[in-house]
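Novice: Got a structure for you, structure-v9.txt, holding compact mmCIF, C-alpha atoms and all ligand atoms.
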# COMPACT_ATOMS: atom_id res chain seq x y z
CA MET D 15 10.27 14.09 23.55
CA ALA D 16 9.16 16.48 20.83
CA ALA D 17 9.76 20.09 21.76
CA ASN D 18 6.65 22.26 22.24
CA GLN D 19 4.37 19.26 21.78
CA PRO D 20 1.82 18.60 24.53
CA VAL D 21 1.89 14.98 25.61
CA ASN D 22 -1.41 13.11 25.52
CA VAL D 23 -2.35 9.58 26.31
CA CYS D 24 -3.86 7.43 23.58
CA SER D 25 -6.48 4.67 23.60
CA VAL D 26 -4.58 2.42 21.16
CA PRO D 27 -0.98 1.70 22.26
CA CYS D 28 1.79 2.12 19.70
CA ASN D 29 1.93 -0.83 17.31
CA LEU D 30 5.70 -0.51 17.09
CA CYS D 31 7.04 0.23 20.60
CA GLY D 32 3.98 -0.21 22.81
CA GLY D 33 4.20 3.43 23.96
CA THR D 34 1.12 5.37 25.04
CA GLN D 35 2.53 8.90 25.16
CA VAL D 36 1.60 10.73 22.00
CA SER D 37 1.18 14.20 20.59
CA THR D 38 -1.63 15.17 18.25
CA LEU D 39 -0.62 15.90 14.66
CA SER D 40 -4.07 16.65 13.27
CA ASN D 41 -7.74 16.67 14.26
CA LYS D 42 -9.27 16.50 10.78
CA SER D 43 -9.33 14.01 7.93
CA ARG D 44 -8.86 14.91 4.30
CA SER D 45 -12.65 14.97 3.92
CA GLY D 46 -12.89 17.58 6.70
CA LYS D 47 -14.40 15.17 9.25
CA PRO D 48 -13.07 14.86 12.81
CA LEU D 49 -10.12 12.45 12.88
CA ARG D 50 -7.47 12.59 15.60
CA THR D 51 -4.08 11.57 14.27
CA VAL D 52 -1.36 11.03 16.85
CA ILE D 53 2.38 10.40 16.81
CA CYS D 54 4.22 8.21 19.30
CA GLN D 55 6.73 10.27 21.28
CA ALA D 56 9.07 7.31 21.58
CA CYS D 57 9.29 6.03 18.00
CA GLY D 58 7.39 8.32 15.59
CA LEU D 59 4.75 5.85 14.46
CA VAL D 60 1.61 7.74 13.42
CA TRP D 61 -1.94 6.42 13.78
CA SER D 62 -5.59 7.35 14.17
CA ASP D 63 -6.65 7.47 17.82
CA PRO D 64 -9.30 6.67 18.71
CA ARG D 65 -9.85 4.39 15.74
CA PRO D 66 -12.37 5.98 13.39
CA HIS D 67 -13.97 2.58 12.73
CA ASP D 68 -13.67 -1.13 13.26
CA ALA D 69 -11.69 -2.04 10.14
CA ARG D 70 -13.47 -5.32 9.51
CA GLN D 71 -16.95 -3.84 9.91
CA PHE D 72 -15.96 -0.80 7.86
CA TYR D 73 -14.75 -2.80 4.89
CA GLU D 74 -17.42 -5.47 5.11
CA GLU D 75 -20.10 -2.77 4.97
CA GLU D 76 -18.32 -0.88 2.21
CA TYR D 77 -17.88 -4.05 0.21
CA ARG D 78 -21.45 -5.16 0.85
CA LEU D 79 -22.66 -1.88 -0.64
CA SER D 80 -20.27 -2.09 -3.55
CA TYR D 81 -21.40 -5.65 -4.24
CA LYS D 82 -25.04 -4.72 -4.65
CA HIS D 83 -24.31 -4.52 -8.33
CA THR D 84 -21.89 -6.84 -10.04
CA TYR D 85 -18.55 -5.08 -10.17
CA SER D 86 -17.51 -4.18 -13.67
CA PRO D 87 -14.88 -1.45 -13.84
CA LYS D 88 -15.02 1.24 -16.50
CA PRO D 89 -12.37 0.84 -19.23
CA LYS D 90 -10.56 3.98 -18.04
CA HIS D 91 -10.22 2.48 -14.56
CA VAL D 92 -8.82 -0.78 -15.95
CA LEU D 93 -6.36 1.19 -18.04
CA ARG D 94 -5.31 3.36 -15.09
CA ALA D 95 -4.84 0.31 -12.87
CA GLY D 96 -2.93 -1.35 -15.73
CA HIS D 97 -0.47 1.55 -15.83
CA VAL D 98 -0.05 1.32 -12.04
CA ALA D 99 0.55 -2.44 -12.44
CA LEU D 100 3.29 -1.75 -15.01
CA SER D 101 5.04 0.70 -12.70
CA ARG D 102 4.86 -1.85 -9.86
CA PHE D 103 6.24 -4.52 -12.16
CA GLU D 104 9.13 -2.25 -13.10
CA LYS D 105 10.03 -1.90 -9.40
CA ILE D 106 10.13 -5.63 -8.71
CA GLU D 107 11.25 -6.90 -12.13
CA PRO D 108 14.75 -7.89 -10.86
CA LEU D 109 13.03 -10.39 -8.53
CA LEU D 110 11.26 -12.10 -11.43
CA SER D 111 14.04 -13.23 -13.75
CA SER D 112 12.80 -16.83 -13.60
CA ARG D 113 9.43 -18.38 -12.81
CA LYS D 114 8.38 -17.47 -9.26
CA ALA D 115 5.57 -18.22 -6.83
CA VAL D 116 4.06 -14.82 -6.06
CA LEU D 117 1.37 -13.73 -3.60
CA ASP D 118 -0.29 -10.36 -4.18
CA VAL D 119 -2.12 -9.15 -1.05
CA GLY D 120 -5.00 -6.83 -1.92
CA THR D 121 -5.37 -7.95 -5.52
CA GLY D 122 -8.13 -5.39 -6.24
CA GLY D 123 -9.40 -5.74 -9.80
CA GLY D 124 -6.51 -8.12 -10.60
CA GLU D 125 -4.50 -6.02 -13.06
CA PHE D 126 -1.09 -6.55 -11.41
CA ALA D 127 -1.64 -10.26 -10.70
CA TYR D 128 -2.82 -10.77 -14.30
CA LEU D 129 0.36 -9.18 -15.64
CA LEU D 130 2.56 -11.52 -13.58
CA GLN D 131 0.45 -14.57 -14.41
CA SER D 132 0.60 -13.76 -18.12
CA LEU D 133 4.39 -13.57 -17.90
CA GLY D 134 4.44 -17.16 -16.62
CA HIS D 135 4.65 -16.72 -12.84
CA GLY D 136 2.52 -18.72 -10.41
CA VAL D 137 0.29 -16.09 -8.81
CA SER D 138 -2.12 -16.21 -5.86
CA GLY D 139 -4.16 -13.28 -4.63
CA ILE D 140 -6.10 -12.20 -1.55
CA GLU D 141 -8.88 -9.65 -1.89
CA PRO D 142 -11.62 -8.85 0.63
CA ASN D 143 -13.93 -7.16 -1.87
CA ARG D 144 -15.99 -9.99 -3.37
CA GLY D 145 -17.02 -7.90 -6.37
CA TYR D 146 -13.39 -7.13 -7.30
CA ALA D 147 -12.25 -10.67 -6.57
CA ASP D 148 -15.02 -12.26 -8.68
CA TYR D 149 -14.28 -9.90 -11.54
CA SER D 150 -10.56 -10.74 -11.49
CA ILE D 151 -11.29 -14.47 -11.37
CA GLN D 152 -13.79 -14.38 -14.24
CA GLU D 153 -12.06 -11.82 -16.45
CA TYR D 154 -8.43 -12.89 -16.02
CA GLY D 155 -8.65 -16.45 -14.70
CA LEU D 156 -6.82 -15.56 -11.46
CA THR D 157 -6.62 -17.62 -8.27
CA VAL D 158 -7.85 -15.33 -5.50
CA GLN D 159 -8.88 -16.07 -1.91
CA VAL D 160 -11.77 -13.80 -0.97
CA GLY D 161 -11.24 -12.35 2.50
CA PHE D 162 -8.96 -10.34 4.73
CA VAL D 163 -5.26 -11.17 4.79
CA GLN D 164 -5.42 -12.31 8.42
CA ASP D 165 -8.02 -14.95 7.43
CA ALA D 166 -6.11 -16.32 4.43
CA VAL D 167 -4.61 -19.78 4.61
CA PHE D 168 -1.33 -20.75 2.95
CA PRO D 169 1.25 -23.36 3.95
CA PRO D 170 4.36 -21.81 5.54
CA GLU D 171 7.20 -20.83 3.18
CA SER D 172 5.05 -20.96 0.01
CA PHE D 173 6.16 -17.88 -1.91
CA ASP D 174 9.30 -16.45 -3.48
CA VAL D 175 7.77 -12.98 -3.61
CA VAL D 176 4.92 -11.44 -1.59
CA THR D 177 3.66 -8.00 -2.56
CA ILE D 178 1.39 -5.77 -0.46
CA TRP D 179 0.70 -2.48 -2.24
CA HIS D 180 -1.15 0.17 -0.22
CA VAL D 181 -2.84 -2.25 2.16
CA LEU D 182 -0.70 -2.25 5.33
CA GLU D 183 -1.80 1.26 6.33
CA HIS D 184 -5.45 0.09 6.36
CA THR D 185 -4.89 -2.78 8.79
CA GLU D 186 -5.49 -2.68 12.55
CA ASP D 187 -2.30 -4.55 13.45
CA PRO D 188 0.37 -3.94 10.80
CA GLY D 189 3.04 -5.68 12.89
CA PHE D 190 0.99 -8.88 12.98
CA ILE D 191 0.40 -8.67 9.21
CA LEU D 192 4.16 -8.36 8.54
CA ALA D 193 4.83 -11.39 10.76
CA LEU D 194 2.13 -13.36 8.94
CA LEU D 195 3.52 -12.47 5.50
CA ARG D 196 7.01 -13.40 6.70
CA SER D 197 5.72 -16.87 7.58
CA TRP D 198 4.48 -17.37 4.00
CA LEU D 199 7.82 -16.34 2.47
CA LYS D 200 10.37 -18.94 1.44
CA PRO D 201 13.65 -18.48 3.37
CA ASN D 202 15.21 -16.56 0.48
CA GLY D 203 12.02 -14.82 -0.51
CA THR D 204 11.29 -11.09 -0.69
CA LEU D 205 8.40 -9.16 0.78
CA VAL D 206 7.62 -5.93 -1.07
CA VAL D 207 5.62 -3.40 0.95
CA GLU D 208 4.39 -0.12 -0.47
CA VAL D 209 2.72 2.48 1.76
CA PRO D 210 2.08 6.23 1.60
CA ASN D 211 4.93 8.27 3.06
CA VAL D 212 3.90 10.36 6.07
CA GLU D 213 6.73 12.77 5.19
CA ALA D 214 5.10 13.52 1.82
CA THR D 215 4.38 17.14 1.00
CA CYS D 216 3.13 16.64 -2.57
CA GLN D 217 -0.50 16.68 -1.39
CA ALA D 218 -2.40 19.61 0.13
CA PRO D 219 -1.76 19.75 3.91
CA SER D 220 -5.46 19.13 4.55
CA SER D 221 -5.24 15.90 2.52
CA THR D 222 -2.51 14.27 4.59
CA PHE D 223 -4.68 12.14 6.89
CA HIS D 224 -7.38 9.77 5.74
CA GLU D 225 -10.07 7.87 7.71
CA ALA D 226 -9.21 4.67 5.87
CA HIS D 227 -5.51 4.87 6.80
CA LEU D 228 -5.26 3.65 10.37
CA TYR D 229 -1.43 3.94 10.33
CA ASN D 230 1.06 6.27 8.65
CA PHE D 231 4.74 5.39 8.20
CA ASN D 232 8.01 6.93 7.22
CA VAL D 233 10.97 4.86 6.06
CA VAL D 234 12.43 4.64 9.56
CA SER D 235 9.27 3.47 11.33
CA LEU D 236 8.40 0.96 8.59
CA ARG D 237 11.93 -0.46 8.64
CA ARG D 238 11.85 -0.74 12.44
CA LEU D 239 8.42 -2.42 12.48
CA ALA D 240 9.63 -4.94 9.91
CA LYS D 241 12.76 -5.62 11.95
CA LYS D 242 10.69 -6.20 15.05
CA HIS D 243 8.90 -8.98 13.18
CA GLY D 244 11.92 -10.72 11.71
CA LEU D 245 12.41 -8.89 8.41
CA PHE D 246 15.33 -6.74 7.32
CA GLU D 247 15.36 -4.11 4.62
CA THR D 248 17.46 -4.78 1.55
CA LYS D 249 16.37 -1.70 -0.37
CA HIS D 250 13.75 1.00 -0.47
CA LEU D 251 12.48 3.37 -3.13
CA ILE D 252 10.74 6.71 -2.68
CA SER D 253 8.44 7.78 -5.51
CA ARG D 254 9.48 10.86 -7.47
CA ASP D 255 6.83 13.02 -5.77
CA GLY D 256 7.87 11.71 -2.33
CA GLY D 257 4.39 10.29 -1.77
CA ASN D 258 5.13 6.55 -1.54
CA ILE D 259 7.67 4.24 0.07
CA THR D 260 8.39 0.87 -1.52
CA MET D 261 10.41 -1.34 0.82
CA PHE D 262 12.05 -4.68 -0.02
CA LEU D 263 12.34 -7.01 2.97
CA SER D 264 14.04 -10.36 3.55
CA ARG D 265 13.66 -12.83 6.38
CA MET D 266 16.03 -12.60 9.31
CA GLU D 267 17.13 -16.09 10.27
CA PRO D 268 16.53 -17.29 12.83
CA LEU D 269 13.44 -15.31 13.70
CA PHE D 270 14.47 -12.85 16.37
CA GLN D 271 11.75 -10.68 17.80
CA ASP D 272 13.42 -7.62 19.19
CA ARG D 273 10.45 -6.41 21.22
CA TYR D 274 12.18 -4.15 23.68
CA ALA D 275 14.29 -1.80 21.61
CA ALA D 276 11.72 -0.36 19.26
CA THR D 277 12.09 3.28 20.22
CA ILE D 278 13.57 5.55 17.54
CA SER D 279 15.32 8.60 18.83
CA GLY D 280 14.40 11.83 17.01
CA ASN D 281 11.80 10.34 14.66
CA CYS D 282 8.82 11.94 16.39
CA GLU D 283 10.46 15.37 16.24
CA TRP D 284 11.44 14.86 12.59
CA ILE D 285 7.96 13.89 11.38
CA SER D 286 6.19 16.47 13.60
CA ARG D 287 8.35 19.21 12.11
CA ILE D 288 7.58 18.16 8.53
CA VAL D 289 3.83 17.96 9.18
CA ARG D 290 3.79 21.31 11.04
CA GLN D 291 5.81 23.11 8.38
CA HIS D 292 3.83 21.73 5.44
CA SER D 293 1.69 24.60 4.20
CA ASN D 294 -0.23 25.45 1.04
CA VAL D 295 1.98 28.48 0.50
CA ARG D 296 5.16 26.37 0.57
CA ARG D 297 3.55 23.69 -1.58
CA HIS D 298 2.57 26.21 -4.26
CA LEU D 299 6.16 27.40 -4.41
CA THR D 300 7.14 23.95 -5.70
CA PRO D 301 6.31 22.66 -9.20
CA MET D 302 4.37 19.71 -7.73
CA PRO D 303 0.75 20.97 -7.78
CA TYR D 304 1.09 22.31 -11.34
CA LEU D 305 2.82 19.15 -12.51
CA ARG D 306 0.08 17.01 -10.97
CA ALA D 307 -2.68 19.05 -12.66
CA TRP D 308 -0.90 18.79 -16.01
CA GLN D 309 -0.35 15.05 -15.61
CA ARG D 310 -4.04 14.53 -14.80
CA LEU D 311 -5.07 16.44 -17.92
CA CYS D 312 -2.68 14.46 -20.15
CA ARG D 313 -3.84 11.20 -18.60
CA SER D 314 -7.47 12.00 -19.26
CA PHE D 315 -6.83 12.62 -23.00
CA LYS D 316 -4.66 9.53 -23.27
CA GLU D 317 -7.26 7.35 -21.54
CA ARG D 318 -10.01 8.56 -23.83
CA ARG D 319 -7.92 7.69 -26.88
CA GLU D 320 -6.74 4.31 -25.62
CA THR D 321 -10.15 3.11 -24.44
CA ALA D 322 -12.11 4.35 -27.47
CA ASP D 323 -12.85 0.84 -28.75
CA ALA D 324 -12.21 -1.28 -25.65
CA LYS D 325 -13.94 -4.66 -25.87
CA SER D 326 -13.09 -5.99 -22.40
CA GLY D 327 -10.75 -5.44 -19.48
CA LYS D 328 -8.65 -8.35 -20.65
CA ALA D 329 -8.39 -7.02 -24.21
CA LEU D 330 -7.32 -3.63 -22.87
CA LEU D 331 -4.64 -5.09 -20.62
CA ASP D 332 -3.40 -7.49 -23.32
CA THR D 333 -2.74 -4.49 -25.57
CA LEU D 334 -1.16 -2.44 -22.78
CA TYR D 335 1.03 -5.31 -21.56
CA SER D 336 2.08 -6.66 -24.97
CA PRO D 337 5.66 -5.23 -24.81
CA GLN D 338 6.17 -6.96 -21.44
CA PHE D 339 4.64 -10.20 -22.78
CA ARG D 340 7.31 -10.16 -25.50
CA SER D 341 10.31 -9.17 -23.38
CA HIS D 342 9.73 -10.51 -19.85
CA SER D 343 7.96 -13.81 -20.29
CA VAL D 344 9.52 -16.62 -18.23
CA GLY D 345 7.55 -19.44 -19.89
CA ARG D 346 5.15 -21.67 -18.02
CA GLY D 347 7.61 -24.14 -16.54
ZN ZN Z 1 6.00 3.95 19.44
Could you rewrite the structure in this file as C-alpha cells?
Specialist:
Amino acid sequence: MAANQPVNVCSVPCNLCGGTQVSTLSNKSRSGKPLRTVICQACGLVWSDPRPHDARQFYEEEYRLSYKHTYSPKPKHVLRAGHVALSRFEKIEPLLSSRKAVLDVGTGGGEFAYLLQSLGHGVSGIEPNRGYADYSIQEYGLTVQVGFVQDAVFPPESFDVVTIWHVLEHTEDPGFILALLRSWLKPNGTLVVEVPNVEATCQAPSSTFHEAHLYNFNVVSLRRLAKKHGLFETKHLISRDGGNITMFLSRMEPLFQDRYAATISGNCEWISRIVRQHSNVRRHLTPMPYLRAWQRLCRSFKERRETADAKSGKALLDTLYSPQFRSHSVGRG
C-alpha cells in the first residue's frame, strides 16, 4: 500500500487486477474542471473515477457536432498529421519489409493509413468520426469501417500488423480491446500500442489528467494488462520527452488468461511519487518547456512555408511522403 496515501473505494473496479482500493492522484482535469483520477493500490493502474462521461455518448455527441459541416482539415493540420504519420512509420518500419495486411485503429484523417497504402501494404482502418472517415475515404481512397473498435467486424487472424495510436486510453474497457485486437492478429503478427505515459513530466503538472483519457498507463501496467489478455511485449519505446509509450506485442500461444496474478508490487508507490513530486518549479529547471516552445515556433514557420500553395491533402502528403515512396515501397503484390 502506498505510504501516506488515504485509501478510498472506487465506483469502477480496476481494469487490470479487479481491485477497488484506490488513492486519489488528482481532483482536476487539465481544463480545470472537476475530475477525480485514482490509482489502484494493488497494481498502479490509473483511471478516472467516477467516469466523467459515457464514452460512447461522449464521442457520438462530439462527432455529431463535428459532422454538422463536412470535415475538411486545414492544410497545416494535414501536414502536421503527415509528420506524425512519418514518425509512426519510422517506429514500425522493421515490421513492414514485405507487403503486409495492416489494421490501423483510430484512423483519424487517414494520413498514416494512406502512407502505408501508398507503400503497397493492404490497409484497413476503423474510425468512429464519420467526418474524418469520409474525408479519408474520398481523399485517399482508404478502406475504413466507420464506428467504434468494439463494433468492428473482421475475421479472426486477419492482420500481420495492428496499430492503435492514442486510442486505448479513451476506451472504457482497455483489457477487452486488447483481447479483441489479439483475435484479429495472425499468429505471428504484431500489435503496436501507443499511449501517453503517466510518468511523463514534460507537461505542466496541471495538464497531466484529461477528461477524454479514461485510463492512464505506465510501461509496467500496460505490459501487465497485455499479458493478462494473451499478449507479450517484445519491445517498447519511450519518446524523447518521456510523454509516450510505444509497445510492441505478440500473441502468447496458447491463449492463457492469467486473471489472478495481476497485482504489481510497488507500482502504485512509484507512480504516486512521480505525480506528487512533479511541480512547475522542477519542470522549469529542465530544458523541456523552452525546447517545446522553440519547436512550436519553428513548426509554425515551416508549416506556413510548406503549405503556401497546397492544392489538396493528398497533394501535400504526396510531396511529404515522396522520399518514403521511393525507398520503402513494397510493390502491390
Ligand atoms: Zn489494479
Novice: Kindly work out which residues sit at most 10 Å from ligand ZN 1 (chain Z), using only C-alpha atoms and all ligand atoms, and give the list as JSON, numbers by chain.
Specialist: {"D": [27, 28, 29, 30, 31, 32, 33, 34, 35, 36, 53, 54, 55, 56, 57, 58, 59, 60, 235, 239, 276, 277, 278, 281, 282]}
Novice: Using all atoms listed in the file, pick whichever of D:Leu311, D:Glu183, D:Leu199, D:Val207 has the shortest atom-to-atom distance to Phe231 of chain D.
Specialist: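 Closest to Phe231 of chain D of all the choices is D:Glu183.
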Novice: Using Å and a single decimal, report how far atom CA of Leu194 of chain D sits from atom CA of Met266 of chain D.
Specialist: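 Taking atom CA of Met266 of chain D and atom CA of Leu194 of chain D, their separation equals 13.9 Å.
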Novice: Excluding same-chain residues fewer than 2 positions from segment 313-326 of chain D, what lies within 8 Å of it counting only C-alpha atoms, as a list of chain:residue names?
Specialist: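 So, after excluding close chain neighbours, the residues are D:Pro89, D:Lys90, D:Leu93, D:Arg94, D:Gln309, D:Arg310, D:Leu311, D:Lys328, D:Ala329, D:Leu330.
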Novice: Distance atom CA of Ile178 of chain D-atom CA of Val119 of chain D, one decimal place?
Specialist: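 Distance between the two atoms: 4.9 Å.
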Novice: Using only C-alpha atoms, list the residues that have an atom at most 10 Å from (0.2, -0.3, -16.1), coordinates as in the file, as a PDB file with C-alpha atoms, keeping the file's coordinate frame.
Specialist:
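The resulting result.pdb:
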ATOM      1  CA  VAL D  92      -8.820  -0.780 -15.950  1.00  0.00           C
ATOM      2  CA  LEU D  93      -6.360   1.190 -18.040  1.00  0.00           C
ATOM      3  CA  ARG D  94      -5.310   3.360 -15.090  1.00  0.00           C
ATOM      4  CA  ALA D  95      -4.840   0.310 -12.870  1.00  0.00           C
ATOM      5  CA  GLY D  96      -2.930  -1.350 -15.730  1.00  0.00           C
ATOM      6  CA  HIS D  97      -0.470   1.550 -15.830  1.00  0.00           C
ATOM      7  CA  VAL D  98      -0.050   1.320 -12.040  1.00  0.00           C
ATOM      8  CA  ALA D  99       0.550  -2.440 -12.440  1.00  0.00           C
ATOM      9  CA  LEU D 100       3.290  -1.750 -15.010  1.00  0.00           C
ATOM     10  CA  SER D 101       5.040   0.700 -12.700  1.00  0.00           C
ATOM     11  CA  ARG D 102       4.860  -1.850  -9.860  1.00  0.00           C
ATOM     12  CA  PHE D 103       6.240  -4.520 -12.160  1.00  0.00           C
ATOM     13  CA  GLU D 104       9.130  -2.250 -13.100  1.00  0.00           C
ATOM     14  CA  GLU D 125      -4.500  -6.020 -13.060  1.00  0.00           C
ATOM     15  CA  PHE D 126      -1.090  -6.550 -11.410  1.00  0.00           C
ATOM     16  CA  LEU D 129       0.360  -9.180 -15.640  1.00  0.00           C
ATOM     17  CA  LEU D 331      -4.640  -5.090 -20.620  1.00  0.00           C
ATOM     18  CA  LEU D 334      -1.160  -2.440 -22.780  1.00  0.00           C
ATOM     19  CA  TYR D 335       1.030  -5.310 -21.560  1.00  0.00           C
TER      20      TYR D 335
END
Novice: For the atom pair atom CA of Trp61 of chain D and atom CA of Val23 of chain D, what is the interatomic distance in Å to one decimal place?
Specialist: 12.9 Å
Novice: Smallest atom-to-atom distance to Val163 of chain D: which of D:Tyr304, D:Tyr149, D:Phe190, D:Tyr229, using all atoms listed in the file?
Specialist: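 Closest candidate: D:Phe190.
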Novice: What box, with edges along x, y and z, holds each listed atom of segment 59-74 of chain D when 8 Å is added on every side, and can you state its centre and edge lengths in Å to one decimal, as lines of an AutoDock Vina configuration file?
Specialist:
center_x = -6.3
center_y = 1.1
center_z = 11.8
size_x = 38.2
size_y = 29.2
size_z = 29.8
Novice: Tell me which of D:Thr204, D:Met302, D:Glu213, D:Ser221 sits closest to Trp284 of chain D, counting all atoms listed in the file.
Specialist: D:Glu213
Novice: Trp179 of chain D: which residues within 12 Å, counting all atoms listed in the file, same-chain residues fewer than 6 positions away excluded, as a compact mmCIF listing (two decimals) with C-alpha atoms, in the coordinates of the input?
Specialist:
# COMPACT_ATOMS: atom_id res chain seq x y z
CA VAL D 98 -0.05 1.32 -12.04
CA ALA D 99 0.55 -2.44 -12.44
CA SER D 101 5.04 0.70 -12.70
CA ARG D 102 4.86 -1.85 -9.86
CA PHE D 103 6.24 -4.52 -12.16
CA LYS D 105 10.03 -1.90 -9.40
CA ILE D 106 10.13 -5.63 -8.71
CA LEU D 117 1.37 -13.73 -3.60
CA ASP D 118 -0.29 -10.36 -4.18
CA VAL D 119 -2.12 -9.15 -1.05
CA GLY D 120 -5.00 -6.83 -1.92
CA THR D 121 -5.37 -7.95 -5.52
CA GLY D 122 -8.13 -5.39 -6.24
CA PHE D 126 -1.09 -6.55 -11.41
CA ALA D 127 -1.64 -10.26 -10.70
CA ILE D 140 -6.10 -12.20 -1.55
CA GLU D 141 -8.88 -9.65 -1.89
CA LEU D 205 8.40 -9.16 0.78
CA VAL D 206 7.62 -5.93 -1.07
CA VAL D 207 5.62 -3.40 0.95
CA GLU D 208 4.39 -0.12 -0.47
CA VAL D 209 2.72 2.48 1.76
CA PRO D 210 2.08 6.23 1.60
CA ASN D 258 5.13 6.55 -1.54
CA ILE D 259 7.67 4.24 0.07
CA THR D 260 8.39 0.87 -1.52
CA MET D 261 10.41 -1.34 0.82
CA PHE D 262 12.05 -4.68 -0.02
Novice: Choose the residue, out of D:Arg65, D:Glu283, D:Arg50, D:Tyr128, that has the smallest atom-to-atom separation from Gln152 of chain D; count only C-alpha atoms.
Specialist: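 Going through D:Arg65, D:Glu283, D:Arg50, D:Tyr128 one by one, the smallest distance to Gln152 of chain D is for D:Tyr128.
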Novice: When you look at Ser341 of chain D with a cut-off of 10 Å (counting only C-alpha atoms), what residues show up, excluding the ones that are within fewer than 4 positions of it in the same chain? I need them as JSON, numbers by chain.
Specialist: {"D": [133, 336, 337]}
Novice: Select, from D:Pro219, D:Pro108, D:Gly136, D:Gly124, the residue with the minimum atom-to-atom distance to Lys42 of chain D, counting only C-alpha atoms.
Specialist: D:Pro219
Novice: For Pro268 of chain D, which residue out of D:Ile252, D:Ile191, D:Leu245, D:Ile151 is the nearest one, using all atoms listed in the file?
Specialist: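 Smallest separation from Pro268 of chain D among the options: D:Leu245.
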Novice: Can you tell me, as a short mmCIF file (atom, residue, chain, number, x, y, z; two decimals) with C-alpha atoms, in the frame of the given file, which residues sit within 10 Å of (-7.3, 16.5, -0.2) in the file's frame, using all atoms listed in the file?
Specialist:
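As a result, out.cif now contains:
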data_model
loop_
_atom_site.label_atom_id
_atom_site.label_comp_id
_atom_site.auth_asym_id
_atom_site.auth_seq_id
_atom_site.Cartn_x
_atom_site.Cartn_y
_atom_site.Cartn_z
CA SER D 43 -9.33 14.01 7.93
CA ARG D 44 -8.86 14.91 4.30
CA SER D 45 -12.65 14.97 3.92
CA GLY D 46 -12.89 17.58 6.70
CA GLN D 217 -0.50 16.68 -1.39
CA ALA D 218 -2.40 19.61 0.13
CA PRO D 219 -1.76 19.75 3.91
CA SER D 220 -5.46 19.13 4.55
CA SER D 221 -5.24 15.90 2.52
CA THR D 222 -2.51 14.27 4.59
CA PHE D 223 -4.68 12.14 6.89
CA HIS D 224 -7.38 9.77 5.74
#
Novice: Name the residues in contact with Val116 of chain D at a cut-off of 10 Å, using only C-alpha atoms, excluding same-chain residues fewer than 6 positions from it; report them as a VMD selection string.
Specialist: chain D and resid 110 127 130 to 131 135 to 139 172 to 177 199 203 to 205
